[in-house]
Amino acid sequence: MSSYRVAQVAAAGGEFTIVERAVPQPGPGHVRIAVEACGICHSDTFFVNAGVPGVHFPLVTGHEIAGRIDALGEGTSDRGWRIGDRVAVGWFGGSCGYCTPCRQGDFIVCENLKVPGWAYDGGFAEMTIAPTDALARIPEGLSASAAAPMGCAGVTTFNGLRRSAAGPGDLVAVLGLGGLGHLGVQYAVAMGFETVAIARGAEKADFAKQLGAHHYVDSTADTEVAEALRALGGAKVVLATAGNADAASATVEGLRPRGELVVIGADNAPLGISPLQLLMSAKVVRGHPSGTAQDVQDTLAFSALHGIHPMVETVPLEQAGEAYERMLSGAARFRMVLTP
């Protein structure tokens with residue numbers, strides 16, 4: 001094969017078009033991946049709309065990549081990688097290795113984090129090249145379309161819960177039942193938490209129970225969310241997957257003493273939380289980023305072990321624009337995945 005197809009955006013805010021490019025060769029420490037699936041994440045809008053510095057056009061976005069290695073750069077076989085290996089690359093697309101967080105071993109907050117679709121061409125393509133420190137192995141039992149969203153949506157919810165203050169048996173609430181939340185509920189149940197799903201509308205109660213939730217709270221009901229959580233004994237952790245600052249803030253009074261609000265849903269609006277709400281009960285509010293390649297691999301292994309899969313809609317690469325718009329509209333149930 002001398003050429004391959006990508007779905008690229010020529011300028012900020014532009015439309016996706018399919019173009020052919022010459023097949024690249026991986027350099028030292030890199031591999032070429034034949035992309036089998038790539039999830040569409042709301043964070044892709046940061047790059048498509050040039051909402052972060054350093055975005056270059058034409059742009060090939062996509063940071064939820066699953067596929068197989070089809071070419072090795074110098075030195076990669078020494079690190080255990082082989083042609084044909086099934087791999088995933090997520091939001092963590094590699095680190096610089098020399099900034100202070102990297103030197104402390106905290107690679108996910110690398111000051112020069114290499115996010116696919118930002119630092120280099122992402123997965124809206126038939127192939128991509130990635131550094132080996134970005135690679136996670138995909139276990140048997142997970143299809144490419146199921147594994148791809150785990151590189152961002154999956155690892156963010158999984159890591160947010162396993163690194164939280166909650167222990168088995170604790171009451172844990174997942175705010176939102178969308179692309180992140182429907183995974184968060186499944187992970188919370190599998191981790192042994194007494195799980196509360198919080199969403200808008202009584203009609204979502206059955207879906208929450210199907211995901212395994214022990215309780216459902218309708219945020220539009222007369223009873224306030226915090227009051228409903230207190231009636232259950234108070235949440236040790238609230239995982240806020242919904243990108244809504246007001247909804248996240250409304251859960252704080254439902255935390256038990258030393259409870260924790262873990263925010264993973266992005267919103268530019270400020271949280272409406274006062275110091276007094278935190279001080280007397282020693283409550284904690286913190287943000288949680290995604291996870292390293294090892295975290296992604298842990299997420300994939302845990303998901304395969306417990307039969308946890310994202311709900312996806314798959315579409316061919318040439319329909320990238322339509323799929324991206326469906327994601328933006330909120331109509332997707334629940335992750336859009338391109339299948340080159």
# chains A, B, ... in the order shown; residues from 1 in each chain; ligands from 1

call {"tool": "residues_around", "arguments": {"residues": "range 245-262 of chain A", "least_positions_apart": "3", "cutoff": "7 Å", "atoms": "only C-alpha atoms", "output": "list of chain:residue names"}}
result
A:Gly160, A:Ala165, A:Val225, A:Ala226, A:Glu227, A:Leu229, A:Arg230, A:Gly234, A:Ala235, A:Lys236, A:Val237, A:Val238, A:Leu239, A:Ala240, A:Asp267, A:Ala269, A:Pro270, A:Leu271, A:Gly272, A:Ile273, A:Ser281, A:Ala282, A:Lys283, A:Val284, A:Val285, A:Arg286, A:Gly287, A:His288

call {"tool": "write_last_selection", "arguments": {"atoms": "N, CA and C atoms", "output": "compact mmCIF listing (two decimals), in the first residue's frame"}}
result
# COMPACT_ATOMS: atom_id res chain seq x y z
N GLY A 160 -10.76 7.36 37.66
CA GLY A 160 -11.38 8.29 38.59
C GLY A 160 -11.96 7.58 39.80
N ALA A 165 -11.43 8.01 47.04
CA ALA A 165 -11.37 7.64 48.44
C ALA A 165 -12.29 6.48 48.78
N VAL A 225 -31.01 16.54 44.85
CA VAL A 225 -30.04 15.46 44.72
C VAL A 225 -29.29 15.23 46.03
N ALA A 226 -28.83 16.31 46.65
CA ALA A 226 -28.08 16.17 47.90
C ALA A 226 -28.93 15.52 48.99
N GLU A 227 -30.20 15.90 49.06
CA GLU A 227 -31.09 15.31 50.06
C GLU A 227 -31.29 13.82 49.80
N LEU A 229 -29.16 11.81 48.35
CA LEU A 229 -27.94 11.11 48.73
C LEU A 229 -27.82 10.99 50.25
N ARG A 230 -28.20 12.03 50.97
CA ARG A 230 -28.16 11.96 52.44
C ARG A 230 -29.11 10.89 52.96
N GLY A 234 -25.39 9.23 52.64
CA GLY A 234 -24.32 10.13 52.20
C GLY A 234 -23.30 9.40 51.34
N ALA A 235 -22.88 10.05 50.28
CA ALA A 235 -21.94 9.43 49.34
C ALA A 235 -20.50 9.62 49.80
N LYS A 236 -19.73 8.55 49.74
CA LYS A 236 -18.30 8.68 49.98
C LYS A 236 -17.63 9.39 48.81
N VAL A 237 -18.12 9.11 47.59
CA VAL A 237 -17.58 9.71 46.38
C VAL A 237 -18.73 10.01 45.41
N VAL A 238 -18.65 11.17 44.78
CA VAL A 238 -19.48 11.47 43.62
C VAL A 238 -18.55 11.63 42.44
N LEU A 239 -18.76 10.82 41.41
CA LEU A 239 -18.01 10.94 40.17
C LEU A 239 -18.86 11.76 39.20
N ALA A 240 -18.45 13.00 38.97
CA ALA A 240 -19.23 13.92 38.15
C ALA A 240 -18.81 13.79 36.69
N ASP A 267 -16.41 21.53 31.87
CA ASP A 267 -17.31 22.68 31.76
C ASP A 267 -16.49 23.92 32.08
N ALA A 269 -17.77 26.75 33.09
CA ALA A 269 -18.41 27.50 34.17
C ALA A 269 -17.78 27.13 35.51
N PRO A 270 -17.73 28.09 36.46
CA PRO A 270 -17.15 27.79 37.77
C PRO A 270 -18.08 26.93 38.62
N LEU A 271 -17.50 26.15 39.51
CA LEU A 271 -18.28 25.39 40.48
C LEU A 271 -18.81 26.33 41.54
N GLY A 272 -20.06 26.16 41.92
CA GLY A 272 -20.67 27.01 42.93
C GLY A 272 -20.57 26.39 44.31
N ILE A 273 -19.35 26.32 44.84
CA ILE A 273 -19.10 25.67 46.13
C ILE A 273 -18.39 26.66 47.04
N SER A 281 -16.82 19.53 57.35
CA SER A 281 -16.90 18.07 57.13
C SER A 281 -15.69 17.54 56.39
N ALA A 282 -14.68 18.39 56.18
CA ALA A 282 -13.42 17.98 55.54
C ALA A 282 -13.65 17.33 54.18
N LYS A 283 -14.56 17.91 53.41
CA LYS A 283 -14.85 17.36 52.08
C LYS A 283 -13.78 17.79 51.08
N VAL A 284 -13.66 17.02 50.01
CA VAL A 284 -12.62 17.23 49.01
C VAL A 284 -13.25 17.37 47.64
N VAL A 285 -12.76 18.34 46.88
CA VAL A 285 -13.15 18.49 45.47
C VAL A 285 -11.88 18.43 44.64
N ARG A 286 -11.84 17.57 43.65
CA ARG A 286 -10.64 17.49 42.82
C ARG A 286 -11.01 17.10 41.39
N GLY A 287 -10.15 17.50 40.49
CA GLY A 287 -10.29 17.09 39.10
C GLY A 287 -9.47 15.84 38.86
N HIS A 288 -9.87 15.08 37.86
CA HIS A 288 -9.13 13.87 37.53
C HIS A 288 -8.90 13.80 36.03

call {"tool": "residues_around", "arguments": {"residues": "Ala197 in chain A", "least_positions_apart": "2", "cutoff": "7 Å", "atoms": "only C-alpha atoms", "output": "short mmCIF file (atom, residue, chain, number, x, y, z; two decimals) with N, CA, C and O atoms, in the first residue's frame"}}
result
data_model
loop_
_atom_site.label_atom_id
_atom_site.label_comp_id
_atom_site.auth_asym_id
_atom_site.auth_seq_id
_atom_site.Cartn_x
_atom_site.Cartn_y
_atom_site.Cartn_z
N ALA A 173 -21.76 7.68 43.98
CA ALA A 173 -22.76 8.20 43.03
C ALA A 173 -22.06 8.60 41.74
O ALA A 173 -20.98 9.19 41.76
N VAL A 174 -22.67 8.25 40.62
CA VAL A 174 -22.18 8.64 39.30
C VAL A 174 -23.17 9.65 38.73
O VAL A 174 -24.35 9.31 38.49
N LEU A 175 -22.71 10.87 38.53
CA LEU A 175 -23.56 11.94 38.01
C LEU A 175 -23.50 11.94 36.49
O LEU A 175 -22.45 12.21 35.90
N VAL A 185 -21.00 3.84 35.85
CA VAL A 185 -21.90 3.00 36.65
C VAL A 185 -21.45 1.55 36.61
O VAL A 185 -21.38 0.86 37.64
N THR A 195 -23.88 1.55 44.36
CA THR A 195 -23.83 2.52 43.27
C THR A 195 -25.14 3.25 43.08
O THR A 195 -26.21 2.64 42.97
N ALA A 199 -29.31 11.16 37.11
CA ALA A 199 -29.53 11.69 35.76
C ALA A 199 -30.84 12.45 35.74
O ALA A 199 -31.58 12.50 36.73
N ALA A 208 -30.59 2.77 34.20
CA ALA A 208 -29.61 2.75 35.29
C ALA A 208 -29.57 1.38 35.96
O ALA A 208 -28.49 0.85 36.26
N ALA A 213 -26.90 -0.30 38.55
CA ALA A 213 -27.02 0.64 39.67
C ALA A 213 -27.98 0.10 40.72
O ALA A 213 -29.03 -0.48 40.40
N HIS A 215 -29.30 2.17 43.04
CA HIS A 215 -30.26 3.26 43.29
C HIS A 215 -30.24 4.21 42.10
O HIS A 215 -29.24 4.32 41.39
N TYR A 216 -31.37 4.90 41.93
CA TYR A 216 -31.43 5.93 40.89
C TYR A 216 -32.00 7.20 41.50
O TYR A 216 -32.99 7.17 42.25
N VAL A 217 -31.39 8.34 41.17
CA VAL A 217 -31.87 9.65 41.62
C VAL A 217 -32.17 10.49 40.39
O VAL A 217 -31.29 10.71 39.54
#

call {"tool": "select_by_dssp", "arguments": {"residues": "range 185-335 of chain A", "states": "strand (DSSP E)", "output": "PyMOL selection string"}}
result
chain A and resi 194-199+215-218+235-240+255-263+284-287+312-315+335

call {"tool": "residues_around", "arguments": {"residues": "His182 in chain A", "least_positions_apart": "2", "cutoff": "12 Å", "atoms": "only C-alpha atoms", "output": "PyMOL selection string"}}
result
chain A and resi 153-154+157-158+174-180+184-189+196-199+204+207-213+239-242+308-312+333-335

call {"tool": "closest_residue", "arguments": {"among": "A:Gly14, A:Cys38, A:Cys102, A:Leu59", "to": "Ala323 in chain A", "atoms": "only C-alpha atoms"}}
result
A:Cys38

call {"tool": "residues_around", "arguments": {"residues": "Gly169 in chain A", "least_positions_apart": "3", "cutoff": "8 Å", "atoms": "only C-alpha atoms", "output": "number ranges by chain"}}
result
A: 192-194

call {"tool": "select_by_dssp", "arguments": {"residues": "range 190-293 of chain A", "states": "alpha helix (DSSP H)", "output": "ChimeraX atom specification"}}
result
/A:190,205-210,225-231,245-249,275-279,293

call {"tool": "write_last_selection", "arguments": {"atoms": "C-alpha atoms", "output": "PDB file, in the first residue's frame"}}
result
ATOM      1  CA  ALA A 190     -17.843  -4.108  39.394  1.00  0.00           C
ATOM      2  CA  ALA A 205     -34.288   4.675  36.042  1.00  0.00           C
ATOM      3  CA  ASP A 206     -34.722   1.402  34.151  1.00  0.00           C
ATOM      4  CA  PHE A 207     -31.585   2.016  32.115  1.00  0.00           C
ATOM      5  CA  ALA A 208     -29.606   2.748  35.292  1.00  0.00           C
ATOM      6  CA  LYS A 209     -30.771  -0.534  36.791  1.00  0.00           C
ATOM      7  CA  GLN A 210     -29.819  -2.376  33.588  1.00  0.00           C
ATOM      8  CA  VAL A 225     -30.040  15.456  44.720  1.00  0.00           C
ATOM      9  CA  ALA A 226     -28.078  16.171  47.896  1.00  0.00           C
ATOM     10  CA  GLU A 227     -31.093  15.306  50.060  1.00  0.00           C
ATOM     11  CA  ALA A 228     -31.584  12.051  48.170  1.00  0.00           C
ATOM     12  CA  LEU A 229     -27.937  11.114  48.732  1.00  0.00           C
ATOM     13  CA  ARG A 230     -28.161  11.958  52.439  1.00  0.00           C
ATOM     14  CA  ALA A 231     -31.233   9.724  52.711  1.00  0.00           C
ATOM     15  CA  ALA A 245     -20.845  22.737  36.890  1.00  0.00           C
ATOM     16  CA  ASP A 246     -24.187  23.447  38.565  1.00  0.00           C
ATOM     17  CA  ALA A 247     -25.147  19.765  38.625  1.00  0.00           C
ATOM     18  CA  ALA A 248     -21.774  18.830  40.109  1.00  0.00           C
ATOM     19  CA  SER A 249     -22.012  21.560  42.741  1.00  0.00           C
ATOM     20  CA  PRO A 275     -15.323  27.073  51.551  1.00  0.00           C
ATOM     21  CA  LEU A 276     -17.770  26.524  54.418  1.00  0.00           C
ATOM     22  CA  GLN A 277     -19.306  23.579  52.564  1.00  0.00           C
ATOM     23  CA  LEU A 278     -15.910  21.900  52.631  1.00  0.00           C
ATOM     24  CA  LEU A 279     -14.344  22.942  55.915  1.00  0.00           C
ATOM     25  CA  ALA A 293      -0.957   3.748  28.687  1.00  0.00           C
TER      26      ALA A 293
END

call {"tool": "residues_around", "arguments": {"residues": "Ile129 in chain A", "least_positions_apart": "6", "cutoff": "10 Å", "atoms": "only C-alpha atoms", "output": "number ranges by chain"}}
result
A: 24-27, 30-35, 69, 71-73, 116, 120-123

call {"tool": "write_last_selection", "arguments": {"atoms": "all heavy atoms", "output": "compact mmCIF listing (two decimals), in the first residue's frame"}}
result
# COMPACT_ATOMS: atom_id res chain seq x y z
N PRO A 24 3.35 6.77 5.80
CA PRO A 24 4.56 7.16 6.53
C PRO A 24 5.26 5.95 7.14
O PRO A 24 4.64 4.91 7.39
CB PRO A 24 4.01 8.07 7.63
CG PRO A 24 2.65 7.49 7.92
CD PRO A 24 2.13 6.96 6.61
N GLN A 25 6.54 6.09 7.42
CA GLN A 25 7.31 5.05 8.10
C GLN A 25 7.59 5.50 9.53
O GLN A 25 7.90 6.66 9.77
CB GLN A 25 8.62 4.79 7.36
CG GLN A 25 8.44 4.28 5.93
CD GLN A 25 7.64 2.99 5.88
OE1 GLN A 25 7.90 2.07 6.66
NE2 GLN A 25 6.66 2.93 4.98
N PRO A 26 7.47 4.59 10.49
CA PRO A 26 7.72 4.98 11.89
C PRO A 26 9.19 5.20 12.16
O PRO A 26 10.05 4.46 11.67
CB PRO A 26 7.19 3.77 12.67
CG PRO A 26 7.31 2.61 11.72
CD PRO A 26 7.07 3.18 10.35
N GLY A 27 9.48 6.23 12.94
CA GLY A 27 10.85 6.51 13.33
C GLY A 27 11.25 5.73 14.56
O GLY A 27 10.47 4.91 15.08
N HIS A 30 8.92 4.43 17.67
CA HIS A 30 7.53 4.57 17.22
C HIS A 30 7.09 3.34 16.45
O HIS A 30 7.91 2.58 15.93
CB HIS A 30 7.38 5.80 16.33
CG HIS A 30 7.51 7.11 17.05
ND1 HIS A 30 8.70 7.53 17.61
CD2 HIS A 30 6.60 8.09 17.30
CE1 HIS A 30 8.51 8.71 18.19
NE2 HIS A 30 7.24 9.07 18.02
N VAL A 31 5.77 3.16 16.38
CA VAL A 31 5.20 2.09 15.57
C VAL A 31 4.11 2.67 14.68
O VAL A 31 3.56 3.74 14.96
CB VAL A 31 4.59 0.97 16.44
CG1 VAL A 31 5.63 0.35 17.35
CG2 VAL A 31 3.39 1.48 17.25
N ARG A 32 3.85 1.98 13.59
CA ARG A 32 2.70 2.35 12.75
C ARG A 32 1.56 1.41 13.08
O ARG A 32 1.75 0.20 13.20
CB ARG A 32 3.05 2.24 11.27
CG ARG A 32 1.98 2.85 10.35
CD ARG A 32 2.45 2.86 8.90
NE ARG A 32 2.56 1.51 8.37
CZ ARG A 32 3.42 1.14 7.42
NH1 ARG A 32 4.28 2.01 6.93
NH2 ARG A 32 3.44 -0.11 7.00
N ILE A 33 0.39 1.99 13.24
CA ILE A 33 -0.80 1.23 13.63
C ILE A 33 -1.81 1.25 12.49
O ILE A 33 -2.16 2.33 11.98
CB ILE A 33 -1.45 1.82 14.90
CG1 ILE A 33 -0.46 1.81 16.06
CG2 ILE A 33 -2.73 1.07 15.26
CD1 ILE A 33 -0.93 2.62 17.27
N ALA A 34 -2.26 0.08 12.08
CA ALA A 34 -3.39 -0.03 11.16
C ALA A 34 -4.65 0.14 12.01
O ALA A 34 -4.98 -0.71 12.83
CB ALA A 34 -3.39 -1.38 10.46
N VAL A 35 -5.32 1.28 11.84
CA VAL A 35 -6.46 1.62 12.69
C VAL A 35 -7.67 0.77 12.33
O VAL A 35 -8.06 0.70 11.16
CB VAL A 35 -6.80 3.12 12.56
CG1 VAL A 35 -8.02 3.47 13.42
CG2 VAL A 35 -5.60 3.98 12.96
N ILE A 69 -0.44 -3.23 15.22
CA ILE A 69 0.85 -2.74 14.75
C ILE A 69 1.16 -3.38 13.40
O ILE A 69 1.07 -4.61 13.25
CB ILE A 69 1.96 -3.08 15.75
CG1 ILE A 69 1.73 -2.34 17.08
CG2 ILE A 69 3.33 -2.72 15.18
CD1 ILE A 69 2.72 -2.70 18.17
N ALA A 71 3.95 -1.89 11.42
CA ALA A 71 5.35 -1.57 11.11
C ALA A 71 6.02 -1.10 12.39
O ALA A 71 5.40 -0.42 13.22
CB ALA A 71 5.44 -0.49 10.03
N LEU A 72 7.29 -1.46 12.53
CA LEU A 72 8.06 -1.14 13.74
C LEU A 72 9.19 -0.18 13.41
O LEU A 72 9.92 -0.38 12.43
CB LEU A 72 8.65 -2.42 14.35
CG LEU A 72 7.67 -3.50 14.80
CD1 LEU A 72 8.45 -4.77 15.14
CD2 LEU A 72 6.87 -3.03 16.01
N GLY A 73 9.34 0.83 14.23
CA GLY A 73 10.49 1.70 14.13
C GLY A 73 11.68 1.11 14.87
O GLY A 73 11.55 0.14 15.63
N PRO A 116 -2.87 12.48 20.85
CA PRO A 116 -3.10 12.24 19.42
C PRO A 116 -4.14 13.22 18.86
O PRO A 116 -5.13 13.52 19.53
CB PRO A 116 -3.65 10.80 19.39
CG PRO A 116 -3.12 10.17 20.64
CD PRO A 116 -3.10 11.27 21.66
N TYR A 120 0.33 14.95 17.26
CA TYR A 120 0.59 14.24 16.00
C TYR A 120 -0.75 13.75 15.46
O TYR A 120 -1.77 13.80 16.15
CB TYR A 120 1.58 13.08 16.19
CG TYR A 120 1.24 12.09 17.28
CD1 TYR A 120 0.38 11.01 17.04
CD2 TYR A 120 1.79 12.20 18.56
CE1 TYR A 120 0.08 10.08 18.03
CE2 TYR A 120 1.50 11.29 19.55
CZ TYR A 120 0.64 10.22 19.28
OH TYR A 120 0.35 9.31 20.26
N ASP A 121 -0.75 13.26 14.21
CA ASP A 121 -2.00 12.83 13.59
C ASP A 121 -2.69 11.76 14.42
O ASP A 121 -2.05 10.80 14.88
CB ASP A 121 -1.74 12.26 12.19
CG ASP A 121 -1.45 13.34 11.16
OD1 ASP A 121 -1.67 14.54 11.47
OD2 ASP A 121 -1.01 12.99 10.04
N GLY A 122 -4.00 11.93 14.59
CA GLY A 122 -4.79 11.00 15.38
C GLY A 122 -5.37 9.87 14.56
O GLY A 122 -4.89 9.53 13.47
N GLY A 123 -6.44 9.28 15.08
CA GLY A 123 -6.98 8.04 14.55
C GLY A 123 -8.12 8.15 13.58
O GLY A 123 -8.69 7.12 13.19

call {"tool": "atom_distance", "arguments": {"atom1": "CA of Ala130 in chain A", "atom2": "CA of Val60 in chain A"}}
result
13.4 Å

call {"tool": "residues_around", "arguments": {"residues": "Thr314 in chain A", "least_positions_apart": "2", "cutoff": "12 Å", "atoms": "only C-alpha atoms", "output": "JSON, numbers by chain"}}
result
{"A": [36, 37, 38, 39, 40, 144, 145, 146, 148, 149, 310, 311, 312, 316, 317, 318, 319, 320, 322, 323, 324, 326, 327, 332, 333, 334, 335, 336, 337, 338, 339, 340]}

call {"tool": "residues_around", "arguments": {"residues": "Thr220 in chain A", "least_positions_apart": "2", "cutoff": "7 Å", "atoms": "only C-alpha atoms", "output": "mmCIF file with all heavy atoms, in the first residue's frame"}}
result
data_model
loop_
_atom_site.group_PDB
_atom_site.id
_atom_site.type_symbol
_atom_site.label_atom_id
_atom_site.label_comp_id
_atom_site.auth_asym_id
_atom_site.auth_seq_id
_atom_site.Cartn_x
_atom_site.Cartn_y
_atom_site.Cartn_z
ATOM 1 N N ARG A 200 -31.130 13.038 34.586
ATOM 2 C CA ARG A 200 -32.341 13.843 34.435
ATOM 3 C C ARG A 200 -33.483 12.994 33.886
ATOM 4 O O ARG A 200 -33.351 12.393 32.814
ATOM 5 C CB ARG A 200 -32.086 15.020 33.485
ATOM 6 C CG ARG A 200 -31.066 16.030 34.011
ATOM 7 C CD ARG A 200 -30.792 17.133 32.991
ATOM 8 N NE ARG A 200 -32.017 17.841 32.629
ATOM 9 C CZ ARG A 200 -32.541 18.841 33.329
ATOM 10 N NH1 ARG A 200 -31.927 19.253 34.436
ATOM 11 N NH2 ARG A 200 -33.648 19.433 32.944
ATOM 12 N N GLY A 201 -34.592 12.912 34.645
ATOM 13 C CA GLY A 201 -35.787 12.235 34.161
ATOM 14 C C GLY A 201 -36.014 10.865 34.772
ATOM 15 O O GLY A 201 -35.084 10.055 34.859
ATOM 16 N N ASP A 218 -33.401 10.933 40.290
ATOM 17 C CA ASP A 218 -33.836 11.823 39.213
ATOM 18 C C ASP A 218 -33.540 13.260 39.637
ATOM 19 O O ASP A 218 -34.143 13.770 40.588
ATOM 20 C CB ASP A 218 -35.327 11.622 38.944
ATOM 21 C CG ASP A 218 -35.897 12.600 37.931
ATOM 22 O OD1 ASP A 218 -35.118 13.341 37.292
ATOM 23 O OD2 ASP A 218 -37.143 12.624 37.778
ATOM 24 N N ASP A 222 -38.705 16.560 42.725
ATOM 25 C CA ASP A 222 -38.879 17.566 43.771
ATOM 26 C C ASP A 222 -37.807 17.468 44.855
ATOM 27 O O ASP A 222 -37.367 18.471 45.406
ATOM 28 C CB ASP A 222 -40.274 17.429 44.407
ATOM 29 C CG ASP A 222 -41.392 17.801 43.449
ATOM 30 O OD1 ASP A 222 -41.124 18.552 42.492
ATOM 31 O OD2 ASP A 222 -42.524 17.327 43.638
#

call {"tool": "closest_residue", "arguments": {"among": "A:Ala301, A:Val89, A:Cys41, A:Cys110", "to": "Asp133 in chain A", "atoms": "only C-alpha atoms"}}
result
A:Val89

call {"tool": "atom_distance", "arguments": {"atom1": "CA of Val48 in chain A", "atom2": "CA of Val263 in chain A"}}
result
23.9 Å

call {"tool": "atom_distance", "arguments": {"atom1": "CA of Gly243 in chain A", "atom2": "CA of Glu224 in chain A"}}
result
18.9 Å

call {"tool": "closest_residue", "arguments": {"among": "A:Trp118, A:Tyr4, A:Tyr98, A:Phe92", "to": "Ile18 in chain A", "atoms": "only C-alpha atoms"}}
result
A:Tyr4

call {"tool": "closest_residue", "arguments": {"among": "A:His63, A:Phe124, A:Gly105, A:Ala221", "to": "Val19 in chain A", "atoms": "only C-alpha atoms"}}
result
A:Phe124

call {"tool": "decode", "arguments": {"residues": "range 73-88 of chain A", "atoms": "N, CA and C atoms", "output": "short mmCIF file (atom, residue, chain, number, x, y, z; two decimals), in the first residue's frame"}}
result
data_model
loop_
_atom_site.label_atom_id
_atom_site.label_comp_id
_atom_site.auth_asym_id
_atom_site.auth_seq_id
_atom_site.Cartn_x
_atom_site.Cartn_y
_atom_site.Cartn_z
N GLY A 73 9.34 0.83 14.23
CA GLY A 73 10.49 1.70 14.13
C GLY A 73 11.68 1.11 14.87
N GLU A 74 12.84 1.70 14.69
CA GLU A 74 14.07 1.21 15.31
C GLU A 74 13.92 1.16 16.83
N GLY A 75 14.31 0.06 17.42
CA GLY A 75 14.31 -0.07 18.87
C GLY A 75 13.01 -0.55 19.49
N THR A 76 11.95 -0.64 18.72
CA THR A 76 10.65 -1.00 19.31
C THR A 76 10.53 -2.48 19.61
N SER A 77 11.17 -3.32 18.80
CA SER A 77 11.10 -4.76 19.08
C SER A 77 11.83 -5.09 20.37
N ASP A 78 12.84 -4.29 20.71
CA ASP A 78 13.56 -4.49 21.96
C ASP A 78 12.67 -4.21 23.17
N ARG A 79 11.61 -3.50 22.94
CA ARG A 79 10.67 -3.17 24.03
C ARG A 79 9.47 -4.12 24.06
N GLY A 80 9.55 -5.19 23.28
CA GLY A 80 8.53 -6.23 23.35
C GLY A 80 7.39 -6.11 22.38
N TRP A 81 7.45 -5.17 21.45
CA TRP A 81 6.36 -4.99 20.50
C TRP A 81 6.64 -5.77 19.23
N ARG A 82 5.55 -6.34 18.65
CA ARG A 82 5.66 -7.15 17.46
C ARG A 82 4.59 -6.74 16.45
N ILE A 83 4.89 -6.94 15.18
CA ILE A 83 3.88 -6.70 14.15
C ILE A 83 2.70 -7.64 14.40
N GLY A 84 1.50 -7.10 14.32
CA GLY A 84 0.29 -7.86 14.58
C GLY A 84 -0.26 -7.68 15.98
N ASP A 85 0.52 -7.10 16.90
CA ASP A 85 0.01 -6.86 18.26
C ASP A 85 -1.20 -5.94 18.22
N ARG A 86 -2.22 -6.30 18.99
CA ARG A 86 -3.41 -5.45 19.12
C ARG A 86 -3.13 -4.38 20.17
N VAL A 87 -3.29 -3.13 19.79
CA VAL A 87 -2.95 -2.03 20.70
C VAL A 87 -4.00 -0.94 20.67
N ALA A 88 -4.05 -0.19 21.76
CA ALA A 88 -4.90 0.99 21.88
C ALA A 88 -4.02 2.19 22.25
#
